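**Q** Handing you a structure now.
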Number of protein chains: 2
Amino acid sequence: MPPTAATAAPAGPAVDAATGFRSFTESAELPEPLPEPARAELRLEAVLAALSDPLRLYVVRKLLLEAERIDHPCGWFGIDRPKSSLTHHFRTLREAGLIRQRQYGLSRGNQLRVADLEARFPGLLALVADWRPPAG
Amino acid sequence: MPPTAATAAPAGPAVDAATGFRSFTESAELPEPLPEPARAELRLEAVLAALSDPLRLYVVRKLLLEAERIDHPCGWFGIDRPKSSLTHHFRTLREAGLIRQRQYGLSRGNQLRVADLEARFPGLLALVADWRPPAG
DNA sequence: TTCCTTGTACGAGTTGCATCGTACTGGAGA
DNA sequence: TCTCCAGTACGATGCAACTCGTACAAGGAA
């Protein structure tokens, strides 16, 4: 944590002009993530509980397969549920340590914690990648 | 599945005289398992939900590390809970497809479905083996 | 300033799960 | 036959999670 260096940086991260996606190549420009467990604090029970819900499994899988270096707001996932329900599920994922959330003005970027998860639970994300939804 | 061969076998499996443990080297002698999902029916969500409970994680890990070729009754695990609670957790594990249960007269043998789990969810059991209980 | 958008906070209703006491079943041994 | 024993079945309780509607906060654009 640099004491004062980041304050002069622009408010948001670099944005691809064509896609509107935010890039993570320059990590110094990013706003601080919302509260989350550190890598050493990740609990297998909590991670598995978070992944035992098909909706959250879908979110994690979509992030894993389609958003490796880019984060996306909640609306990007195309889930037809009330906003308050999505808030609940994304917070569950963040508190279990599966995703990192950053605030960009209005929207909130969701990024999978690939490195942390692979370090603590190697092979787990491969199981998520192989998953298929129950019926459809 | 041999059509009629197993009917003439003795009631129980081979038992080690020194330890009292039942061996699975002669599978033809075993009684039929209790109802369980077939390998192709295993659902990742259900398996992860079953493993999200620390008590069940402990049971699966103990079976994985200490009972590879042998099954054990519920009492063997040394869990200080009422019997009705243990029935609930072992049934949850069986219905999710993690363990196989066979009736030997009075007691019921619990065996981890290592081959099925490795085939459907490779690497999952390695995560269970690395798990450590929360505090103690 | 006014409106739109993204998402949170709060609360209520509902469901499901964990826990456990009690009664019961069915085999094994004295 | 009588008793013990491993485990089930049933029902009650309490708690946590899922779902959702509504109200609210805050940035961005007209």
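For the structure tokens, the naming scheme is as follows: chains receive sequential letters (A, B, ...) according to their order of presentation, residues are indexed from 1 within each chain, and ligands are indexed from 1 in presentation order.
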Near Arg132 of chain B, counting only C-alpha atoms (C1' of nucleotides), which residues have an atom at most 12 Å away, once you skip same-chain residues fewer than 2 positions from it, shown as an mmCIF file with C-alpha atoms, in the first residue's frame?

**A**
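The resulting out37.cif:
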```
data_model
loop_
_atom_site.group_PDB
_atom_site.id
_atom_site.type_symbol
_atom_site.label_atom_id
_atom_site.label_comp_id
_atom_site.auth_asym_id
_atom_site.auth_seq_id
_atom_site.Cartn_x
_atom_site.Cartn_y
_atom_site.Cartn_z
ATOM 1 C CA LEU A 42 -9.936 -18.400 2.118
ATOM 2 C CA ARG A 43 -11.932 -21.320 3.527
ATOM 3 C CA LEU A 44 -12.721 -24.354 1.429
ATOM 4 C CA GLU A 45 -16.138 -24.802 3.101
ATOM 5 C CA PRO B 54 -17.359 -29.072 7.986
ATOM 6 C CA LEU B 55 -18.652 -32.262 9.574
ATOM 7 C CA LEU B 57 -15.932 -32.584 4.907
ATOM 8 C CA TYR B 58 -14.283 -34.251 7.885
ATOM 9 C CA ARG B 61 -11.476 -36.589 4.285
ATOM 10 C CA LYS B 62 -11.167 -39.327 6.886
ATOM 11 C CA LEU B 127 -8.735 -30.418 -2.344
ATOM 12 C CA VAL B 128 -10.507 -32.379 0.364
ATOM 13 C CA ALA B 129 -7.253 -34.071 1.339
ATOM 14 C CA ASP B 130 -5.563 -30.684 1.766
ATOM 15 C CA PRO B 134 -11.469 -24.462 11.062
ATOM 16 C CA ALA B 135 -10.124 -24.417 14.641
ATOM 17 C CA GLY B 136 -8.994 -27.697 16.165
#
```

**Q** What are the closest atom pairs, with distances in Å to one decimal, for all residues of segment 81-129 of chain A lying within 12 Å of segment 8-30 of chain D? Consider only C-alpha atoms (C1' of nucleotides), order rows by chain and residue number, and present the result as a Markdown table.

**A**
```
| residue | atom | partner | partner_atom | distance |
| --- | --- | --- | --- | --- |
| A:Arg81 | CA | D:DC20 | C1' | 9.1 |
| A:Pro82 | CA | D:DC20 | C1' | 7.0 |
| A:Lys83 | CA | D:DC20 | C1' | 9.2 |
| A:Ser84 | CA | D:DC20 | C1' | 7.4 |
| A:Ser85 | CA | D:DT19 | C1' | 6.6 |
| A:Leu86 | CA | D:DT19 | C1' | 10.2 |
| A:Thr87 | CA | D:DT19 | C1' | 11.7 |
| A:His88 | CA | D:DC18 | C1' | 9.0 |
| A:His89 | CA | D:DC18 | C1' | 9.4 |
| A:Thr92 | CA | D:DA17 | C1' | 10.5 |
| A:Gln103 | CA | D:DG27 | C1' | 11.3 |
| A:Tyr104 | CA | D:DG27 | C1' | 9.4 |
| A:Gly105 | CA | D:DG27 | C1' | 5.7 |
| A:Leu106 | CA | D:DG27 | C1' | 5.4 |
| A:Ser107 | CA | D:DG27 | C1' | 9.0 |
```

**Q** Restricted to N, CA and C atoms, what would the selected residues look like written as a compact mmCIF listing (two decimals), in the first residue's frame?

**A**
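Saved file again19.txt follows:
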```
# COMPACT_ATOMS: atom_id res chain seq x y z
N ARG A 81 -33.09 -11.58 -12.99
CA ARG A 81 -33.53 -11.58 -11.59
C ARG A 81 -33.57 -10.13 -11.11
N PRO A 82 -34.32 -9.87 -10.06
CA PRO A 82 -34.33 -8.51 -9.51
C PRO A 82 -32.94 -8.08 -9.07
N LYS A 83 -32.73 -6.78 -9.11
CA LYS A 83 -31.40 -6.26 -8.78
C LYS A 83 -31.00 -6.62 -7.35
N SER A 84 -31.97 -6.60 -6.45
CA SER A 84 -31.62 -6.90 -5.06
C SER A 84 -31.16 -8.35 -4.90
N SER A 85 -31.70 -9.25 -5.73
CA SER A 85 -31.23 -10.63 -5.67
C SER A 85 -29.80 -10.74 -6.18
N LEU A 86 -29.50 -10.02 -7.24
CA LEU A 86 -28.14 -10.07 -7.78
C LEU A 86 -27.14 -9.49 -6.77
N THR A 87 -27.52 -8.41 -6.11
CA THR A 87 -26.65 -7.85 -5.08
C THR A 87 -26.30 -8.92 -4.04
N HIS A 88 -27.30 -9.66 -3.63
CA HIS A 88 -27.08 -10.71 -2.64
C HIS A 88 -26.09 -11.76 -3.13
N HIS A 89 -26.26 -12.23 -4.35
CA HIS A 89 -25.40 -13.31 -4.83
C HIS A 89 -23.97 -12.81 -5.08
N THR A 92 -22.30 -12.51 -1.79
CA THR A 92 -21.95 -13.84 -1.29
C THR A 92 -20.64 -14.33 -1.92
N GLN A 103 -15.38 -0.40 -7.37
CA GLN A 103 -16.38 0.60 -7.71
C GLN A 103 -15.81 1.56 -8.75
N TYR A 104 -16.49 1.69 -9.88
CA TYR A 104 -16.12 2.66 -10.91
C TYR A 104 -17.25 3.66 -11.06
N GLY A 105 -17.28 4.65 -10.21
CA GLY A 105 -18.38 5.59 -10.31
C GLY A 105 -19.69 4.89 -10.08
N LEU A 106 -20.49 4.79 -11.12
CA LEU A 106 -21.79 4.15 -10.98
C LEU A 106 -21.68 2.65 -10.84
N SER A 107 -21.09 2.03 -11.85
CA SER A 107 -21.15 0.58 -11.90
C SER A 107 -20.05 -0.05 -11.05
```

**Q** Please return, as a short mmCIF file (atom, residue, chain, number, x, y, z; two decimals) with C-alpha atoms, in the first residue's frame, all residues of chain B lying within 7 Å of chain A when only C-alpha atoms are considered.

**A**
```
data_model
loop_
_atom_site.label_atom_id
_atom_site.label_comp_id
_atom_site.auth_asym_id
_atom_site.auth_seq_id
_atom_site.Cartn_x
_atom_site.Cartn_y
_atom_site.Cartn_z
CA GLU B 45 -23.70 -28.35 -7.30
CA ALA B 46 -24.95 -31.23 -5.14
CA LEU B 48 -20.18 -29.09 -3.48
CA ALA B 49 -23.22 -28.48 -1.28
CA LEU B 51 -18.94 -30.79 1.05
CA SER B 52 -19.76 -27.29 2.31
CA ASP B 53 -20.48 -28.65 5.80
CA PRO B 54 -17.36 -29.07 7.99
CA PHE B 121 -14.62 -34.25 -10.86
CA GLY B 123 -8.91 -33.00 -8.53
CA LEU B 124 -11.80 -32.51 -6.16
CA LEU B 127 -8.74 -30.42 -2.34
#
```

**Q** Each residue of chain C with at least one atom at most 12 Å from chain B should appear once, together with its nearest atom pair and the corresponding distance in Å (one decimal); atoms considered: only C-alpha atoms (C1' of nucleotides); ordering: chain, then increasing residue number; output as a tab-separated table.

**A**
```
residue	atom	partner	partner_atom	distance
C:DC17	C1'	B:His88	CA	10.4
C:DA18	C1'	B:Ser85	CA	8.3
C:DT19	C1'	B:Ser85	CA	6.6
C:DC20	C1'	B:Pro82	CA	6.9
C:DG21	C1'	B:Ser84	CA	9.1
C:DT22	C1'	B:Ser84	CA	10.4
C:DT25	C1'	B:Leu106	CA	10.5
C:DG26	C1'	B:Leu106	CA	7.6
C:DG27	C1'	B:Leu106	CA	5.5
C:DA28	C1'	B:Leu106	CA	8.1
```

**Q** Give me, as a compact mmCIF listing (two decimals) with N, CA and C atoms (P, O5', C5', C4', C3', O3' and C1' of nucleotides), in the first residue's frame, the residues of chain D touching chain B, with the criterion being at most 9 Å (counting only C-alpha atoms (C1' of nucleotides)).

**A**
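Generated output (part_10.txt):
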```
# COMPACT_ATOMS: atom_id res chain seq x y z
P DC D 5 -25.00 -52.42 24.59
O5' DC D 5 -24.55 -52.40 23.08
C5' DC D 5 -24.60 -53.57 22.29
C4' DC D 5 -24.92 -53.23 20.84
C3' DC D 5 -24.75 -51.74 20.51
O3' DC D 5 -23.98 -51.61 19.34
C1' DC D 5 -26.89 -52.50 19.84
P DA D 6 -23.29 -50.17 19.05
O5' DA D 6 -23.67 -49.92 17.52
C5' DA D 6 -23.45 -50.96 16.58
C4' DA D 6 -24.22 -50.68 15.31
C3' DA D 6 -24.12 -49.23 14.85
O3' DA D 6 -23.93 -49.20 13.44
C1' DA D 6 -26.40 -49.81 15.25
P DG D 7 -23.61 -47.81 12.74
O5' DG D 7 -25.06 -47.35 12.30
C5' DG D 7 -25.82 -48.19 11.43
C4' DG D 7 -27.27 -47.80 11.49
C3' DG D 7 -27.57 -46.35 11.12
O3' DG D 7 -28.11 -46.28 9.82
C1' DG D 7 -28.93 -47.18 12.90
P DT D 8 -28.76 -44.94 9.27
O5' DT D 8 -30.34 -45.17 9.48
C5' DT D 8 -30.91 -46.37 9.02
C4' DT D 8 -32.42 -46.35 9.24
C3' DT D 8 -33.13 -45.13 8.66
O3' DT D 8 -34.30 -45.55 7.98
C1' DT D 8 -33.59 -45.30 10.97
```

**Q** Might you pull out every residue within 8 Å of Gly97 of chain A, with only C-alpha atoms (C1' of nucleotides) counted and same-chain residues fewer than 6 positions away left off, and present them as a VMD selection string?

**A** chain A and resid 36 to 39 42 47 113

**Q** Now that the selection is made, can you save its residues with N, CA and C atoms as a PDB file, in the first residue's frame?

**A**
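Result file is result-v2.pdb:
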```pdb
ATOM      1  N   GLU A  36     -12.766  -7.943   1.311  1.00  0.00           N
ATOM      2  CA  GLU A  36     -12.757  -9.345   0.882  1.00  0.00           C
ATOM      3  C   GLU A  36     -11.756 -10.108   1.740  1.00  0.00           C
ATOM      4  N   PRO A  37     -11.918 -11.408   1.857  1.00  0.00           N
ATOM      5  CA  PRO A  37     -10.918 -12.199   2.599  1.00  0.00           C
ATOM      6  C   PRO A  37      -9.598 -12.261   1.832  1.00  0.00           C
ATOM      7  N   ALA A  38      -8.505 -12.183   2.572  1.00  0.00           N
ATOM      8  CA  ALA A  38      -7.197 -12.327   1.949  1.00  0.00           C
ATOM      9  C   ALA A  38      -7.003 -13.765   1.475  1.00  0.00           C
ATOM     10  N   ARG A  39      -5.989 -13.961   0.657  1.00  0.00           N
ATOM     11  CA  ARG A  39      -5.755 -15.299   0.114  1.00  0.00           C
ATOM     12  C   ARG A  39      -5.599 -16.340   1.227  1.00  0.00           C
ATOM     13  N   LEU A  42      -8.915 -17.678   2.884  1.00  0.00           N
ATOM     14  CA  LEU A  42      -9.936 -18.400   2.118  1.00  0.00           C
ATOM     15  C   LEU A  42     -10.220 -19.751   2.767  1.00  0.00           C
ATOM     16  N   VAL A  47     -15.988 -21.476   0.182  1.00  0.00           N
ATOM     17  CA  VAL A  47     -15.906 -21.429  -1.280  1.00  0.00           C
ATOM     18  C   VAL A  47     -16.855 -22.453  -1.899  1.00  0.00           C
ATOM     19  N   ARG A 113     -11.087 -14.059  -8.878  1.00  0.00           N
ATOM     20  CA  ARG A 113      -9.765 -14.071  -8.247  1.00  0.00           C
ATOM     21  C   ARG A 113      -9.023 -15.341  -8.665  1.00  0.00           C
TER      22      ARG A 113
END
```

**Q** Do you know which residues are at most 9 Å from Leu63 of chain A counting only C-alpha atoms (C1' of nucleotides), after dropping those on the same chain fewer than 5 positions away, and could you put them as JSON, numbers by chain?

**A** {"A": [58, 68, 70, 71, 72, 77, 110, 111, 112]}
